[in-house]
file final.pdb (PDB, C-alpha atoms)
ATOM      1  CA  MET D 969     -14.120  60.969  37.572
ATOM      2  CA  ALA D 970     -15.463  57.452  37.986
ATOM      3  CA  SER D 971     -14.452  55.073  35.206
ATOM      4  CA  GLN D 972     -17.038  53.737  32.759
ATOM      5  CA  SER D 973     -16.630  50.260  34.211
ATOM      6  CA  ALA D 974     -17.354  51.585  37.699
ATOM      7  CA  LEU D 975     -20.530  53.256  36.440
ATOM      8  CA  THR D 976     -21.608  49.989  34.778
ATOM      9  CA  VAL D 977     -21.096  48.122  38.039
ATOM     10  CA  LEU D 978     -23.192  50.696  39.912
ATOM     11  CA  LYS D 979     -25.986  50.524  37.337
ATOM     12  CA  ASP D 980     -26.013  46.704  37.292
ATOM     13  CA  ALA D 981     -26.007  46.630  41.076
ATOM     14  CA  ALA D 982     -28.896  49.087  41.175
ATOM     15  CA  LYS D 983     -30.936  46.847  38.821
ATOM     16  CA  GLU D 984     -30.214  43.808  40.964
ATOM     17  CA  THR D 985     -31.180  45.719  44.097
ATOM     18  CA  LEU D 986     -34.476  46.750  42.508
ATOM     19  CA  ASN D 987     -35.293  43.074  41.875
ATOM     20  CA  VAL D 988     -34.478  42.232  45.483
ATOM     21  CA  ALA D 989     -36.574  45.156  46.702
ATOM     22  CA  ALA D 990     -39.562  43.967  44.655
ATOM     23  CA  SER D 991     -39.212  40.494  46.133
ATOM     24  CA  MET D 992     -38.991  41.902  49.667
ATOM     25  CA  SER D 993     -42.090  44.025  49.125
ATOM     26  CA  SER D 994     -44.024  40.940  48.040
ATOM     27  CA  GLN D 995     -42.885  38.997  51.107
ATOM     28  CA  LEU D 996     -43.798  41.829  53.467
ATOM     29  CA  GLN D 997     -47.405  41.757  52.302
ATOM     30  CA  SER D 998     -47.823  38.209  53.617
ATOM     31  CA  LEU D 999     -46.212  38.785  57.028
ATOM     32  CA  GLU D1000     -48.116  39.839  60.102
ATOM     33  CA  GLN D1001     -46.607  42.489  62.308
ATOM     34  CA  GLN D1002     -45.299  40.939  65.512
ATOM     35  CA  LEU D1003     -43.788  43.258  68.073
ATOM     36  CA  ASP D1004     -41.434  42.489  70.922
ATOM     37  CA  ASP D1005     -42.755  44.882  73.583
ATOM     38  CA  LYS D1006     -39.674  44.581  75.796
ATOM     39  CA  ASP D1007     -37.444  45.475  72.846
ATOM     40  CA  VAL D1008     -39.632  48.456  72.015
ATOM     41  CA  GLN D1009     -39.412  49.750  75.569
ATOM     42  CA  ASP D1010     -35.879  48.904  76.696
ATOM     43  CA  ALA D1011     -33.467  47.897  73.895
ATOM     44  CA  THR D1012     -30.379  50.124  73.739
ATOM     45  CA  ILE D1013     -29.908  52.568  70.854
ATOM     46  CA  PHE D1014     -26.637  54.168  69.769
ATOM     47  CA  VAL D1015     -27.037  57.436  67.867
ATOM     48  CA  SER D1016     -24.159  58.526  65.615
ATOM     49  CA  ILE D1017     -23.964  62.275  64.971
ATOM     50  CA  VAL D1018     -21.072  64.062  63.269
ATOM     51  CA  ASN D1019     -20.910  67.833  63.203
ATOM     52  CA  TYR D1020     -18.727  70.214  61.220
ATOM     53  CA  ARG D1021     -19.025  73.692  62.753
ATOM     54  CA  ASP D1022     -22.829  73.569  62.918
ATOM     55  CA  GLY D1023     -24.414  75.459  65.813
ATOM     56  CA  GLU D1024     -27.576  73.359  65.644
ATOM     57  CA  GLY D1025     -25.754  70.228  66.819
ATOM     58  CA  GLN D1026     -26.140  70.958  70.527
ATOM     59  CA  PHE D1027     -29.863  71.650  70.067
ATOM     60  CA  THR D1028     -30.245  68.412  68.124
ATOM     61  CA  LEU D1029     -28.757  66.491  71.070
ATOM     62  CA  LYS D1030     -31.181  68.102  73.505
ATOM     63  CA  ASP D1031     -34.215  67.548  71.288
ATOM     64  CA  LEU D1032     -33.243  63.920  70.642
ATOM     65  CA  LEU D1033     -32.949  63.072  74.333
ATOM     66  CA  GLU D1034     -35.986  64.975  75.545
ATOM     67  CA  LYS D1035     -38.266  63.478  72.902
ATOM     68  CA  ALA D1036     -37.194  59.863  73.589
ATOM     69  CA  ALA D1037     -39.702  57.564  75.311
ATOM     70  CA  ASN D1038     -36.829  56.064  77.311
ATOM     71  CA  GLN D1039     -33.784  58.330  77.631
ATOM     72  CA  ASP D1040     -31.907  55.760  79.699
ATOM     73  CA  ARG D1041     -31.459  53.415  76.735
ATOM     74  CA  VAL D1042     -30.123  56.111  74.366
ATOM     75  CA  ARG D1043     -26.378  56.686  73.933
ATOM     76  CA  ILE D1044     -25.107  59.389  71.581
ATOM     77  CA  GLY D1045     -21.739  59.267  69.845
ATOM     78  CA  TYR D1046     -21.025  62.897  68.961
ATOM     79  CA  CYS D1047     -18.059  63.966  66.845
ATOM     80  CA  LEU D1048     -17.666  67.749  66.823
ATOM     81  CA  GLN D1049     -15.224  69.206  64.298
ATOM     82  CA  TYR D1050     -14.847  72.883  65.151
ATOM     83  CA  ASP D1051     -12.599  75.880  65.649
ATOM     84  CA  ALA D1052     -12.188  76.218  69.418
ATOM     85  CA  ALA D1053     -11.270  79.904  69.123
ATOM     86  CA  GLN D1054     -13.934  81.106  66.690
ATOM     87  CA  ASP D1055     -16.823  78.713  67.330
ATOM     88  CA  SER D1056     -17.114  78.822  71.103
ATOM     89  CA  ASP D1057     -19.716  81.598  71.062
ATOM     90  CA  PHE D1058     -22.302  79.465  69.250
ATOM     91  CA  VAL D1059     -21.256  76.091  67.816
ATOM     92  CA  ASN D1060     -20.207  74.775  71.207
ATOM     93  CA  ALA D1061     -21.665  77.419  73.519
ATOM     94  CA  HIS D1062     -24.120  75.132  75.332
ATOM     95  CA  TYR D1063     -22.405  71.751  75.196
ATOM     96  CA  ALA D1064     -20.911  71.964  78.722
ATOM     97  CA  SER D1065     -24.300  72.757  80.231
ATOM     98  CA  LEU D1066     -25.958  69.996  78.237
ATOM     99  CA  TYR D1067     -23.301  67.463  79.215
ATOM    100  CA  GLN D1068     -23.675  68.370  82.888
ATOM    101  CA  GLN D1069     -27.330  67.359  82.696
ATOM    102  CA  LYS D1070     -27.202  64.527  80.148
ATOM    103  CA  GLY D1071     -23.599  63.341  80.405
ATOM    104  CA  LYS D1072     -24.494  59.694  80.930
ATOM    105  CA  ASN D1073     -26.171  59.720  77.510
ATOM    106  CA  ILE D1074     -23.373  61.430  75.554
ATOM    107  CA  ARG D1075     -19.945  60.213  74.435
ATOM    108  CA  ALA D1076     -18.090  62.966  72.627
ATOM    109  CA  LEU D1077     -15.070  63.298  70.401
ATOM    110  CA  PHE D1078     -13.716  66.780  69.697
ATOM    111  CA  MET D1079     -11.560  67.451  66.651
ATOM    112  CA  PRO D1080      -9.927  70.636  65.305
ATOM    113  CA  HIS D1081     -11.776  71.583  62.144
ATOM    114  CA  ARG D1082      -8.570  71.593  60.109
ATOM    115  CA  GLU D1083      -8.177  67.868  60.851
ATOM    116  CA  ALA D1084     -11.636  67.042  59.498
ATOM    117  CA  ARG D1085     -11.584  64.674  56.536
ATOM    118  CA  GLY D1086     -15.211  64.370  55.526
ATOM    119  CA  PRO D1087     -18.297  62.641  56.928
ATOM    120  CA  MET D1088     -17.286  59.024  56.287
ATOM    121  CA  TYR D1089     -14.050  59.464  58.204
ATOM    122  CA  ALA D1090     -15.886  61.154  61.096
ATOM    123  CA  ARG D1091     -18.533  58.424  61.189
ATOM    124  CA  TRP D1092     -15.763  55.803  61.229
ATOM    125  CA  LEU D1093     -14.203  57.525  64.249
ATOM    126  CA  VAL D1094     -17.556  57.447  66.034
ATOM    127  CA  GLN D1095     -17.944  53.723  65.306
ATOM    128  CA  LYS D1096     -14.430  52.877  66.433
ATOM    129  CA  ARG D1097     -14.117  55.095  69.501
ATOM    130  CA  LEU D1098     -17.606  55.767  70.852
ATOM    131  CA  PHE D1099     -19.861  52.847  69.908
ATOM    132  CA  GLN D1100     -20.145  50.213  72.678
ATOM    133  CA  ASN D1101     -22.235  47.437  71.147
ATOM    134  CA  GLU D1102     -25.682  48.888  71.732
ATOM    135  CA  LYS D1103     -28.378  46.787  70.050
ATOM    136  CA  TYR D1104     -29.671  49.356  67.567
ATOM    137  CA  TYR D1105     -27.786  51.952  65.550
ATOM    138  CA  LEU D1106     -29.261  55.266  64.406
ATOM    139  CA  GLN D1107     -27.285  57.658  62.220
ATOM    140  CA  VAL D1108     -28.612  61.185  61.732
ATOM    141  CA  ASP D1109     -27.446  64.616  60.646
ATOM    142  CA  CYS D1110     -26.558  67.183  63.307
ATOM    143  CA  HIS D1111     -29.453  69.455  62.305
ATOM    144  CA  MET D1112     -32.499  67.339  63.113
ATOM    145  CA  ARG D1113     -35.689  67.537  65.145
ATOM    146  CA  PHE D1114     -37.572  64.569  66.568
ATOM    147  CA  ILE D1115     -41.136  63.509  67.268
ATOM    148  CA  ARG D1116     -42.192  62.287  70.690
ATOM    149  CA  ASN D1117     -41.300  58.656  71.405
ATOM    150  CA  TRP D1118     -39.144  58.430  68.279
ATOM    151  CA  ASP D1119     -37.101  55.579  69.813
ATOM    152  CA  SER D1120     -40.049  53.250  70.419
ATOM    153  CA  ILE D1121     -41.598  54.129  67.057
ATOM    154  CA  LEU D1122     -38.398  53.312  65.150
ATOM    155  CA  ILE D1123     -38.070  49.912  66.820
ATOM    156  CA  GLN D1124     -41.707  49.144  66.062
ATOM    157  CA  GLN D1125     -41.176  50.059  62.414
ATOM    158  CA  TYR D1126     -38.004  47.987  62.261
ATOM    159  CA  GLN D1127     -39.788  44.954  63.704
ATOM    160  CA  ALA D1128     -42.571  45.390  61.177
ATOM    161  CA  CYS D1129     -40.020  44.804  58.408
ATOM    162  CA  ARG D1130     -39.573  41.205  59.610
ATOM    163  CA  ASP D1131     -35.996  41.193  58.347
ATOM    164  CA  LYS D1132     -32.970  41.231  60.661
ATOM    165  CA  LYS D1133     -30.945  43.105  58.053
ATOM    166  CA  ALA D1134     -33.584  45.747  57.372
ATOM    167  CA  VAL D1135     -32.483  49.383  57.363
ATOM    168  CA  ILE D1136     -35.067  52.123  57.841
ATOM    169  CA  THR D1137     -33.847  55.056  55.785
ATOM    170  CA  THR D1138     -35.020  58.071  53.800
ATOM    171  CA  TYR D1139     -34.425  61.794  53.439
ATOM    172  CA  PRO D1140     -36.347  63.304  56.372
ATOM    173  CA  ASN D1141     -38.821  66.093  55.793
ATOM    174  CA  GLY D1142     -37.798  69.627  56.579
ATOM    175  CA  TYR D1143     -38.736  71.068  59.954
ATOM    176  CA  ASP D1144     -39.701  74.618  60.811
ATOM    177  CA  SER D1145     -36.305  76.298  60.884
ATOM    178  CA  SER D1146     -37.609  79.849  60.793
ATOM    179  CA  TYR D1147     -36.443  80.293  64.364
ATOM    180  CA  VAL D1148     -32.876  79.073  63.738
ATOM    181  CA  LYS D1149     -31.552  82.630  63.643
ATOM    182  CA  GLU D1150     -32.956  83.048  67.143
ATOM    183  CA  LEU D1151     -30.823  80.220  68.565
ATOM    184  CA  LYS D1152     -27.863  82.550  69.019
ATOM    185  CA  GLN D1153     -29.930  84.646  71.405
ATOM    186  CA  PHE D1154     -30.276  81.939  74.045
ATOM    187  CA  THR D1155     -27.990  82.429  77.024
ATOM    188  CA  SER D1156     -28.963  78.982  78.328
ATOM    189  CA  ILE D1157     -30.015  75.933  76.352
ATOM    190  CA  GLU D1158     -32.580  75.303  79.081
ATOM    191  CA  ASP D1159     -34.517  78.283  77.745
ATOM    192  CA  TRP D1160     -34.980  76.506  74.412
ATOM    193  CA  ASP D1161     -38.081  74.356  74.087
ATOM    194  CA  GLY D1162     -37.302  72.709  70.760
ATOM    195  CA  THR D1163     -40.148  72.548  68.253
ATOM    196  CA  ASP D1164     -42.863  72.280  70.896
ATOM    197  CA  LYS D1165     -44.026  75.788  70.055
ATOM    198  CA  VAL D1166     -44.570  74.774  66.434
ATOM    199  CA  SER D1167     -47.914  73.209  65.611
ATOM    200  CA  VAL D1168     -47.248  69.792  64.093
ATOM    201  CA  GLN D1169     -50.333  70.303  61.943
ATOM    202  CA  THR D1170     -48.346  72.866  59.936
ATOM    203  CA  LEU D1171     -45.506  70.425  59.167
ATOM    204  CA  GLU D1172     -45.455  67.731  56.506
ATOM    205  CA  ASN D1173     -45.582  64.322  58.194
ATOM    206  CA  ARG D1174     -45.845  62.027  55.189
ATOM    207  CA  SER D1175     -42.657  60.096  54.547
ATOM    208  CA  SER D1176     -40.855  59.677  51.231
ATOM    209  CA  LEU D1177     -39.132  57.019  49.127
ATOM    210  CA  LEU D1178     -35.539  57.372  47.925
ATOM    211  CA  CYS D1179     -35.194  57.279  44.131
ATOM    212  CA  ALA D1180     -32.335  57.584  41.651
ATOM    213  CA  GLU D1181     -32.239  60.987  39.986
ATOM    214  CA  LYS D1182     -29.172  61.078  37.734
ATOM    215  CA  PHE D1183     -25.435  60.544  37.531
ATOM    216  CA  GLY D1184     -23.514  63.748  38.191
ATOM    217  CA  ASN D1185     -20.611  65.024  36.100
ATOM    218  CA  ASP D1186     -18.310  63.374  38.634
ATOM    219  CA  GLY D1187     -19.820  59.980  37.836
ATOM    220  CA  PHE D1188     -21.570  59.544  41.191
ATOM    221  CA  LEU D1189     -25.255  58.747  41.497
ATOM    222  CA  ARG D1190     -27.533  61.473  42.823
ATOM    223  CA  LEU D1191     -30.662  60.588  44.790
ATOM    224  CA  ARG D1192     -33.905  62.394  45.430
ATOM    225  CA  SER D1193     -36.932  61.592  47.545
ATOM    226  CA  LYS D1194     -40.521  61.315  46.340
ATOM    227  CA  GLN D1195     -43.210  61.899  48.903
ATOM    228  CA  PHE D1196     -45.940  59.332  49.416
ATOM    229  CA  GLN D1197     -49.437  60.560  48.612
ATOM    230  CA  SER D1198     -50.743  58.761  51.688
ATOM    231  CA  PHE D1199     -49.372  56.872  54.677
ATOM    232  CA  PRO D1200     -48.168  53.362  53.714
ATOM    233  CA  SER D1201     -49.881  50.589  55.657
ATOM    234  CA  GLN D1202     -46.638  48.596  55.835
ATOM    235  CA  PRO D1203     -42.904  49.119  55.278
ATOM    236  CA  VAL D1204     -41.976  49.934  51.680
ATOM    237  CA  ALA D1205     -38.816  48.409  50.239
ATOM    238  CA  SER D1206     -36.215  50.842  48.895
ATOM    239  CA  SER D1207     -33.129  50.370  46.743
ATOM    240  CA  PHE D1208     -31.111  53.173  48.291
ATOM    241  CA  TYR D1209     -29.628  54.526  51.511
ATOM    242  CA  ALA D1210     -29.648  57.962  53.142
ATOM    243  CA  ALA D1211     -26.548  58.843  55.149
ATOM    244  CA  GLY D1212     -28.448  61.514  57.091
ATOM    245  CA  PHE D1213     -31.056  59.134  58.499
ATOM    246  CA  ASN D1214     -30.799  55.360  58.834
ATOM    247  CA  PHE D1215     -31.785  52.917  61.569
ATOM    248  CA  SER D1216     -30.966  49.226  61.921
ATOM    249  CA  LEU D1217     -29.508  46.596  64.187
ATOM    250  CA  SER D1218     -25.947  47.624  65.020
ATOM    251  CA  THR D1219     -24.751  44.291  63.629
ATOM    252  CA  VAL D1220     -25.735  45.508  60.153
ATOM    253  CA  ILE D1221     -23.401  48.501  60.492
ATOM    254  CA  GLN D1222     -20.627  46.282  61.822
ATOM    255  CA  ASP D1223     -21.058  43.804  58.941
ATOM    256  CA  CYS D1224     -20.832  46.629  56.399
ATOM    257  CA  ALA D1225     -17.697  48.016  58.049
ATOM    258  CA  ASN D1226     -15.989  44.628  58.244
ATOM    259  CA  ARG D1227     -16.588  43.348  54.726
ATOM    260  CA  THR D1228     -13.341  41.824  53.467
ATOM    261  CA  GLY D1229     -11.782  43.737  50.587
ATOM    262  CA  LEU D1230     -13.789  46.912  51.129
ATOM    263  CA  ARG D1231     -12.208  50.145  52.230
ATOM    264  CA  THR D1232     -12.945  51.376  55.728
ATOM    265  CA  GLY D1233     -13.894  54.920  56.670
ATOM    266  CA  SER D1234     -10.286  55.578  57.616
ATOM    267  CA  GLU D1235      -9.367  55.055  53.958
ATOM    268  CA  LEU D1236     -12.257  57.059  52.523
ATOM    269  CA  LYS D1237     -11.288  60.521  53.627
ATOM    270  CA  CYS D1238     -12.766  63.617  51.980
ATOM    271  CA  LEU D1239     -15.574  61.587  50.386
ATOM    272  CA  PHE D1240     -19.009  63.192  50.287
ATOM    273  CA  PHE D1241     -20.848  62.179  47.130
ATOM    274  CA  GLY D1242     -20.506  58.420  46.883
ATOM    275  CA  GLU D1243     -21.072  57.593  50.559
ATOM    276  CA  GLU D1244     -24.725  56.687  50.069
ATOM    277  CA  SER D1245     -24.096  54.566  46.960
ATOM    278  CA  LEU D1246     -21.267  52.755  48.700
ATOM    279  CA  MET D1247     -23.345  51.963  51.781
ATOM    280  CA  ALA D1248     -26.352  50.858  49.707
ATOM    281  CA  LEU D1249     -24.187  48.415  47.760
ATOM    282  CA  ARG D1250     -22.660  47.039  50.964
TER     283      ARG D1250
END
call {"tool": "encode", "arguments": {"input": "final.pdb", "output": "C-alpha cells"}}
result
Amino acid sequence: MASQSALTVLKDAAKETLNVAASMSSQLQSLEQQLDDKDVQDATIFVSIVNYRDGEGQFTLKDLLEKAANQDRVRIGYCLQYDAAQDSDFVNAHYASLYQQKGKNIRALFMPHREARGPMYARWLVQKRLFQNEKYYLQVDCHMRFIRNWDSILIQQYQACRDKKAVITTYPNGYDSSYVKELKQFTSIEDWDGTDKVSVQTLENRSSLLCAEKFGNDGFLRLRSKQFQSFPSQPVASSFYAAGFNFSLSTVIQDCANRTGLRTGSELKCLFFGEESLMALR
C-alpha cells in the first residue's frame, strides 16, 4: 500500500503537470511546424521491446521492420523471457529464421522465464545491454502492429512538438487480432503477411488522450484513454505516460534513468502498476 503522503505527492505532481501541459498547449498553437527532412529520412531509431512468453513478439518484430520507411536506421532491443523447453513450439518458433534475414536490425537478450522480474527490470536490461546511443528511442509492447512508414511519421510528429524533451505517448488502438489463433499454424514466418489482408478502413485510426481514472486499492494511479472525436491539427499536450507506447529523443530516456536519487530499473523489480506514474513524474 502506498502511504498517504506518497498519494498526496502524486496528486500534487499531477496538478502541477496539468498546469505545465496547459502552458505547452498554448505555446504549440503559436509555433509553425518545421521539419528536418534528413532527420525524418535517416535518423537512427532504437526500439525497446520486452516479451514475457508471448508468441506475438516475433510477428511484432517482422511487422515493425517491414512497415518502416527506412529499415536500415531501425535497431531493435528485444528481451525475451521464456521457457526454452515449453515455449519453443510457438513463442520462439520463428526467431531464428527472422534473425537470419533481419539480424543486423535485431539485438536480443534471452532470459529464463523464472528469472523475470517485471517489465521495468527487463526494460532496464535492454537500455543497459542493447541500446547503443541511437538518436530516437521507441518503446512498445511485444504485441503491436504498425502502419506503413511509421518511423518517418513518428519523427515528423515529434518535430511538430517543437520541444526537445517531448514524448509522444498514448494507449494505442486495438488492431484486428481475430487471426491471432491462426499464427500457430504458420510453418514459416515468411508465410505471414501481417495486417495487410485487413482493410484499414475497418480499424479505428483516431488517436486518444491519456487521462487519470482513479487510484486503485493499492494506492497506484490508474489511467485510461479517451478517443478524440476528430483528428487534432497539432500535437496535444498530455499529463501522463504510456509504458506500452512512447517515442522521444533517446537523451530523454537517459536523463530519466540517470536522475540522482531515483531508483533505477535494477532496483524496481516486480513492479507493474506504478511504472507509468513514475516515468511521468520523471
call {"tool": "residues_around", "arguments": {"input": "final.pdb", "residues": "range 1034-1038 of chain D", "least_positions_apart": "2", "cutoff": "8 Å", "atoms": "only C-alpha atoms", "output": "PyMOL selection string"}}
result
chain D and resi 1009-1010+1030-1032+1040-1042+1114-1120
call {"tool": "closest_residue", "arguments": {"input": "final.pdb", "among": "D:Glu1181, D:Asp1109, D:Asp1131, D:Asp1051", "to": "Glu1024 in chain D", "atoms": "only C-alpha atoms"}}
result
D:Asp1109
call {"tool": "axis_aligned_box", "arguments": {"input": "final.pdb", "around": "range 1072-1081 of chain D", "padding_each_side": "3 Å", "output": "JSON"}}
result
{"center_x": -18.0, "center_y": 65.6, "center_z": 71.5, "size_x": 22.2, "size_y": 17.9, "size_z": 24.8}
call {"tool": "residues_around", "arguments": {"input": "final.pdb", "residues": "range 1096-1105 of chain D", "least_positions_apart": "2", "cutoff": "12 Å", "atoms": "all atoms listed in the file", "output": "number ranges by chain"}}
result
D: 1007-1008, 1010-1018, 1041-1047, 1073-1078, 1089-1094, 1107-1108, 1119-1120, 1122-1123, 1126-1127, 1132-1137, 1213-1222, 1225-1226, 1232-1234
call {"tool": "write_last_selection", "arguments": {"input": "final.pdb", "atoms": "C-alpha atoms", "output": "compact mmCIF listing (two decimals), in the coordinates of the input"}}
result
# COMPACT_ATOMS: atom_id res chain seq x y z
CA ASP D 1007 -37.44 45.48 72.85
CA VAL D 1008 -39.63 48.46 72.02
CA ASP D 1010 -35.88 48.90 76.70
CA ALA D 1011 -33.47 47.90 73.90
CA THR D 1012 -30.38 50.12 73.74
CA ILE D 1013 -29.91 52.57 70.85
CA PHE D 1014 -26.64 54.17 69.77
CA VAL D 1015 -27.04 57.44 67.87
CA SER D 1016 -24.16 58.53 65.61
CA ILE D 1017 -23.96 62.28 64.97
CA VAL D 1018 -21.07 64.06 63.27
CA ARG D 1041 -31.46 53.42 76.74
CA VAL D 1042 -30.12 56.11 74.37
CA ARG D 1043 -26.38 56.69 73.93
CA ILE D 1044 -25.11 59.39 71.58
CA GLY D 1045 -21.74 59.27 69.84
CA TYR D 1046 -21.02 62.90 68.96
CA CYS D 1047 -18.06 63.97 66.84
CA ASN D 1073 -26.17 59.72 77.51
CA ILE D 1074 -23.37 61.43 75.55
CA ARG D 1075 -19.94 60.21 74.44
CA ALA D 1076 -18.09 62.97 72.63
CA LEU D 1077 -15.07 63.30 70.40
CA PHE D 1078 -13.72 66.78 69.70
CA TYR D 1089 -14.05 59.46 58.20
CA ALA D 1090 -15.89 61.15 61.10
CA ARG D 1091 -18.53 58.42 61.19
CA TRP D 1092 -15.76 55.80 61.23
CA LEU D 1093 -14.20 57.52 64.25
CA VAL D 1094 -17.56 57.45 66.03
CA GLN D 1107 -27.28 57.66 62.22
CA VAL D 1108 -28.61 61.18 61.73
CA ASP D 1119 -37.10 55.58 69.81
CA SER D 1120 -40.05 53.25 70.42
CA LEU D 1122 -38.40 53.31 65.15
CA ILE D 1123 -38.07 49.91 66.82
CA TYR D 1126 -38.00 47.99 62.26
CA GLN D 1127 -39.79 44.95 63.70
CA LYS D 1132 -32.97 41.23 60.66
CA LYS D 1133 -30.94 43.10 58.05
CA ALA D 1134 -33.58 45.75 57.37
CA VAL D 1135 -32.48 49.38 57.36
CA ILE D 1136 -35.07 52.12 57.84
CA THR D 1137 -33.85 55.06 55.78
CA PHE D 1213 -31.06 59.13 58.50
CA ASN D 1214 -30.80 55.36 58.83
CA PHE D 1215 -31.78 52.92 61.57
CA SER D 1216 -30.97 49.23 61.92
CA LEU D 1217 -29.51 46.60 64.19
CA SER D 1218 -25.95 47.62 65.02
CA THR D 1219 -24.75 44.29 63.63
CA VAL D 1220 -25.74 45.51 60.15
CA ILE D 1221 -23.40 48.50 60.49
CA GLN D 1222 -20.63 46.28 61.82
CA ALA D 1225 -17.70 48.02 58.05
CA ASN D 1226 -15.99 44.63 58.24
CA THR D 1232 -12.94 51.38 55.73
CA GLY D 1233 -13.89 54.92 56.67
CA SER D 1234 -10.29 55.58 57.62
call {"tool": "atom_distance", "arguments": {"input": "final.pdb", "atom1": "CA of Ser1176 in chain D", "atom2": "CA of Phe1196 in chain D"}}
result
5.4 Å
call {"tool": "residues_around", "arguments": {"input": "final.pdb", "residues": "Lys1194 in chain D", "least_positions_apart": "6", "cutoff": "9 Å", "atoms": "all atoms listed in the file", "output": "list in words"}}
result
Ser1175, Ser1176, Leu1177, Leu1178 and Cys1179 of chain D
call {"tool": "atom_distance", "arguments": {"input": "final.pdb", "atom1": "CA of Ser1193 in chain D", "atom2": "CA of Gly1142 in chain D"}}
result
12.1 Å
call {"tool": "atom_distance", "arguments": {"input": "final.pdb", "atom1": "CA of Tyr1050 in chain D", "atom2": "CA of Tyr1020 in chain D"}}
result
6.1 Å
call {"tool": "resolve_selection", "arguments": {"input": "final.pdb", "expression": "the PyMOL selection byres ((chain D and resi 1210) around 6)", "output": "list of chain:residue names"}}
result
D:Thr1137, D:Thr1138, D:Tyr1209, D:Ala1211, D:Gly1212, D:Phe1213, D:Glu1244
call {"tool": "write_last_selection", "arguments": {"input": "final.pdb", "atoms": "C-alpha atoms", "output": "mmCIF file, in the coordinates of the input"}}
result
data_model
loop_
_atom_site.group_PDB
_atom_site.id
_atom_site.type_symbol
_atom_site.label_atom_id
_atom_site.label_comp_id
_atom_site.auth_asym_id
_atom_site.auth_seq_id
_atom_site.Cartn_x
_atom_site.Cartn_y
_atom_site.Cartn_z
ATOM 1 C CA THR D 1137 -33.847 55.056 55.785
ATOM 2 C CA THR D 1138 -35.020 58.071 53.800
ATOM 3 C CA TYR D 1209 -29.628 54.526 51.511
ATOM 4 C CA ALA D 1211 -26.548 58.843 55.149
ATOM 5 C CA GLY D 1212 -28.448 61.514 57.091
ATOM 6 C CA PHE D 1213 -31.056 59.134 58.499
ATOM 7 C CA GLU D 1244 -24.725 56.687 50.069
#
call {"tool": "closest_residue", "arguments": {"input": "final.pdb", "among": "D:Gly1023, D:Glu1083, D:Gln1039, D:Ser1207", "to": "Asp1057 in chain D", "atoms": "all atoms listed in the file"}}
result
D:Gly1023
call {"tool": "decode", "arguments": {"input": "final.pdb", "residues": "range 1199-1203 of chain D", "atoms": "all heavy atoms", "output": "JSON list (two decimals), in the first residue's frame"}}
result
[["chain", "number", "residue", "atom", "x", "y", "z"],
["D", 1199, "PHE", "N", -9.46, 14.29, -35.82],
["D", 1199, "PHE", "CA", -8.01, 14.30, -35.83],
["D", 1199, "PHE", "C", -7.50, 15.67, -35.38],
["D", 1199, "PHE", "O", -7.84, 16.68, -35.99],
["D", 1199, "PHE", "CB", -7.48, 13.98, -37.22],
["D", 1199, "PHE", "CG", -7.79, 12.59, -37.68],
["D", 1199, "PHE", "CD1", -8.85, 12.34, -38.54],
["D", 1199, "PHE", "CD2", -7.03, 11.52, -37.25],
["D", 1199, "PHE", "CE1", -9.14, 11.04, -38.96],
["D", 1199, "PHE", "CE2", -7.31, 10.22, -37.66],
["D", 1199, "PHE", "CZ", -8.37, 9.99, -38.51],
["D", 1200, "PRO", "N", -6.66, 15.73, -34.34],
["D", 1200, "PRO", "CA", -6.10, 17.02, -33.92],
["D", 1200, "PRO", "C", -5.23, 17.62, -35.03],
["D", 1200, "PRO", "O", -4.54, 16.89, -35.75],
["D", 1200, "PRO", "CB", -5.24, 16.65, -32.70],
["D", 1200, "PRO", "CG", -5.76, 15.33, -32.23],
["D", 1200, "PRO", "CD", -6.22, 14.62, -33.48],
["D", 1201, "SER", "N", -5.27, 18.93, -35.16],
["D", 1201, "SER", "CA", -4.47, 19.59, -36.19],
["D", 1201, "SER", "C", -3.03, 19.82, -35.74],
["D", 1201, "SER", "O", -2.18, 20.20, -36.55],
["D", 1201, "SER", "CB", -5.12, 20.93, -36.56],
["D", 1201, "SER", "OG", -5.20, 21.77, -35.41],
["D", 1202, "GLN", "N", -2.76, 19.60, -34.46],
["D", 1202, "GLN", "CA", -1.42, 19.79, -33.91],
["D", 1202, "GLN", "C", -1.26, 18.88, -32.69],
["D", 1202, "GLN", "O", -2.23, 18.33, -32.19],
["D", 1202, "GLN", "CB", -1.22, 21.25, -33.51],
["D", 1202, "GLN", "CG", -2.22, 21.72, -32.45],
["D", 1202, "GLN", "CD", -2.14, 23.21, -32.21],
["D", 1202, "GLN", "OE1", -1.53, 23.93, -32.98],
["D", 1202, "GLN", "NE2", -2.75, 23.67, -31.15],
["D", 1203, "PRO", "N", -0.03, 18.70, -32.23],
["D", 1203, "PRO", "CA", 0.16, 17.85, -31.05],
["D", 1203, "PRO", "C", -0.63, 18.36, -29.85],
["D", 1203, "PRO", "O", -0.77, 19.56, -29.64],
["D", 1203, "PRO", "CB", 1.68, 17.96, -30.79],
["D", 1203, "PRO", "CG", 2.26, 18.32, -32.11],
["D", 1203, "PRO", "CD", 1.24, 19.20, -32.77]]
